[in-house]
Each structure stands twice: as structure tokens, then as C-alpha cells.
Amino acid sequence: MVRLRRCRWRGLPIPDFIVELRQRIGHDPLWLPGITAVVLRGTEVLLVRRSDNGAWTPVTGIVDPGEHPVLAAAREVMEETGVSCEIEGLAWVNISDPVVHVNGDRAQYLDHTFRCRYLEGEARVGDEESTDVGWFEVDALPAMAPLMIDRIRRAVAYTGRTDLD
């Protein structure tokens, strides 16, 4: 597993492989595989409040080199919230708009949005990536970016089957 190293901006951890790439390419754009884990418990969805910008979102993260996106989704949920979940399916694959992070790094993400089912665990802040964690009714979400609402809606509506292995 790829270790995390503390980034110098706001103390957020970033994977070593990105730190090493950034030493070579500076702030040039990176194309990165990402995950969004929409964890559902009945009519509630698990959200985190990001520490870098204060936004409420489902759990998101970067897929480590060689890691299957399904494993990345379950890992990120556990690391960030202390909750274990079962991945039920791949609800959506989309591409983010180009992003410029607060430290000047530029990236674009190929996002895999997974519908996940809560298994166990008390939701809590699991690391410094978030300042709060909570369960919210799907029809009473806090203010958040339209893209995140879209990811939640697509995961809630997902009824298909995806081979995840």
C-alpha cells in the first residue's frame, strides 16, 4: 500500500507517488483516477465536511497505483469515517473539470462513483481530511456542489449490475 505523506498546504495527506511526481513536474496537470463512495444507510447518506474548503461531500479519494477502484472506495470510507461498507455497484464514471488546488497543483480526475451499503461502525472523523462526518437524509442534503449532488442522485438511483472484480 502506498504511504501517505503530509502535504505542506493545510496539513492534508497526499500519496507519496503524487509528491514524487510533483517534484518532477511541478504544478503541471496530472490525470488521476479517483473514487466517490456514496454510502447509504436506509434513506440516509454518509457525508464528510472537507477540511481544505469546508464543503460537504460523499467520501472521495485517489486510487493508489495498482489498487482496484473498489478497494480504494472501501479503504477511503474506512479511513475517513470509521465505517465499513459493501460496494454494491459502479453507478457512474465521469471526468471532472480541470482543478487548480490551493497550492497551485493542477489536476483532472477520472471519477468512479460507487453505490455503497453501510455495514457497521460509528461514523466519526477518521483523519485530518475532514472536520465533521454525518448521516443526512437523501432528500435533505446540506448545501453542496451540484456535481456532488449529481453523484449522490446517480448512486441512489442505481439499479443495475456491475462486475466489480
# chains A, B, ... in the order shown; residues from 1 in each chain; ligands from 1
call {"tool": "residues_around", "arguments": {"residues": "range 59-62 of chain A", "least_positions_apart": "2", "cutoff": "6 Å", "atoms": "only C-alpha atoms", "output": "ChimeraX atom specification"}}
result
/A:34-37
call {"tool": "write_last_selection", "arguments": {"atoms": "N, CA and C atoms", "output": "mmCIF file, in the first residue's frame"}}
result
data_model
loop_
_atom_site.group_PDB
_atom_site.id
_atom_site.type_symbol
_atom_site.label_atom_id
_atom_site.label_comp_id
_atom_site.auth_asym_id
_atom_site.auth_seq_id
_atom_site.Cartn_x
_atom_site.Cartn_y
_atom_site.Cartn_z
ATOM 1 N N GLY A 34 -9.902 8.650 -9.573
ATOM 2 C CA GLY A 34 -10.490 8.938 -8.268
ATOM 3 C C GLY A 34 -11.726 8.106 -8.022
ATOM 4 N N ILE A 35 -12.173 8.131 -6.764
ATOM 5 C CA ILE A 35 -13.408 7.438 -6.394
ATOM 6 C C ILE A 35 -14.300 8.388 -5.600
ATOM 7 N N THR A 36 -15.593 8.155 -5.718
ATOM 8 C CA THR A 36 -16.583 8.750 -4.838
ATOM 9 C C THR A 36 -17.388 7.589 -4.283
ATOM 10 N N ALA A 37 -17.444 7.478 -2.965
ATOM 11 C CA ALA A 37 -18.188 6.403 -2.309
ATOM 12 C C ALA A 37 -19.447 7.000 -1.689
#
call {"tool": "closest_atom_pairs", "arguments": {"of": "range 50-96 of chain A", "to": "range 16-21 of chain A", "cutoff": "12 Å", "atoms": "only C-alpha atoms", "output": "Markdown table"}}
result
| residue | atom | partner | partner_atom | distance |
| --- | --- | --- | --- | --- |
| A:Ile62 | CA | A:Ile18 | CA | 10.0 |
| A:Val63 | CA | A:Phe17 | CA | 10.9 |
| A:Asp64 | CA | A:Phe17 | CA | 8.2 |
| A:Pro65 | CA | A:Phe17 | CA | 8.0 |
| A:Gly66 | CA | A:Phe17 | CA | 11.6 |
call {"tool": "residues_around", "arguments": {"residues": "Ser96 in chain A", "least_positions_apart": "3", "cutoff": "9 Å", "atoms": "only C-alpha atoms", "output": "VMD selection string"}}
result
chain A and resid 99 108 to 111 147
call {"tool": "write_last_selection", "arguments": {"atoms": "C-alpha atoms", "output": "CSV table (one decimal), in the first residue's frame"}}
result
chain,number,residue,atom,x,y,z
A,99,VAL,CA,-8.9,21.7,-10.9
A,108,GLN,CA,-8.2,16.4,-13.6
A,109,TYR,CA,-9.9,13.3,-12.2
A,110,LEU,CA,-11.5,10.2,-13.8
A,111,ASP,CA,-14.1,9.6,-11.1
A,147,LEU,CA,-21.6,17.7,-9.1
call {"tool": "closest_atom_pairs", "arguments": {"of": "range 4-105 of chain A", "to": "range 133-141 of chain A", "cutoff": "9 Å", "atoms": "only C-alpha atoms", "output": "CSV"}}
result
residue,atom,partner,partner_atom,distance
A:Leu40,CA,A:Trp135,CA,8.8
A:Arg41,CA,A:Trp135,CA,8.3
A:Gly42,CA,A:Glu137,CA,9.0
A:Thr43,CA,A:Glu137,CA,5.8
A:Glu44,CA,A:Glu137,CA,4.3
A:Val45,CA,A:Phe136,CA,5.3
A:Leu46,CA,A:Trp135,CA,4.6
A:Leu47,CA,A:Gly134,CA,5.5
A:Val48,CA,A:Val133,CA,4.4
A:Arg49,CA,A:Val133,CA,6.3
A:Trp56,CA,A:Val133,CA,8.8
A:Glu80,CA,A:Val133,CA,8.6
A:Thr81,CA,A:Val133,CA,6.8
call {"tool": "select_by_dssp", "arguments": {"residues": "range 7-165 of chain A", "states": "alpha helix (DSSP H)", "output": "number ranges by chain"}}
result
A: 16-25, 69-81, 146-157
call {"tool": "closest_residue", "arguments": {"among": "A:Thr113, A:Thr131, A:Gln23, A:Ser84", "to": "Ile149 in chain A", "atoms": "only C-alpha atoms"}}
result
A:Thr113
call {"tool": "atom_distance", "arguments": {"atom1": "CA of Glu86 in chain A", "atom2": "CA of Ala72 in chain A"}}
result
12.1 Å
call {"tool": "select_by_dssp", "arguments": {"residues": "range 75-113 of chain A", "states": "strand (DSSP E)", "output": "ChimeraX atom specification"}}
result
/A:84-95,99-100,106-113
call {"tool": "closest_residue", "arguments": {"among": "A:Pro58, A:Pro13, A:His112, A:Arg153", "to": "Val77 in chain A", "atoms": "only C-alpha atoms"}}
result
A:Pro58
call {"tool": "closest_residue", "arguments": {"among": "A:Pro98, A:Ile152, A:Thr162, A:Gly126", "to": "Arg75 in chain A", "atoms": "only C-alpha atoms"}}
result
A:Gly126
call {"tool": "atom_distance", "arguments": {"atom1": "CA of Ala91 in chain A", "atom2": "CA of Tyr158 in chain A"}}
result
5.6 Å
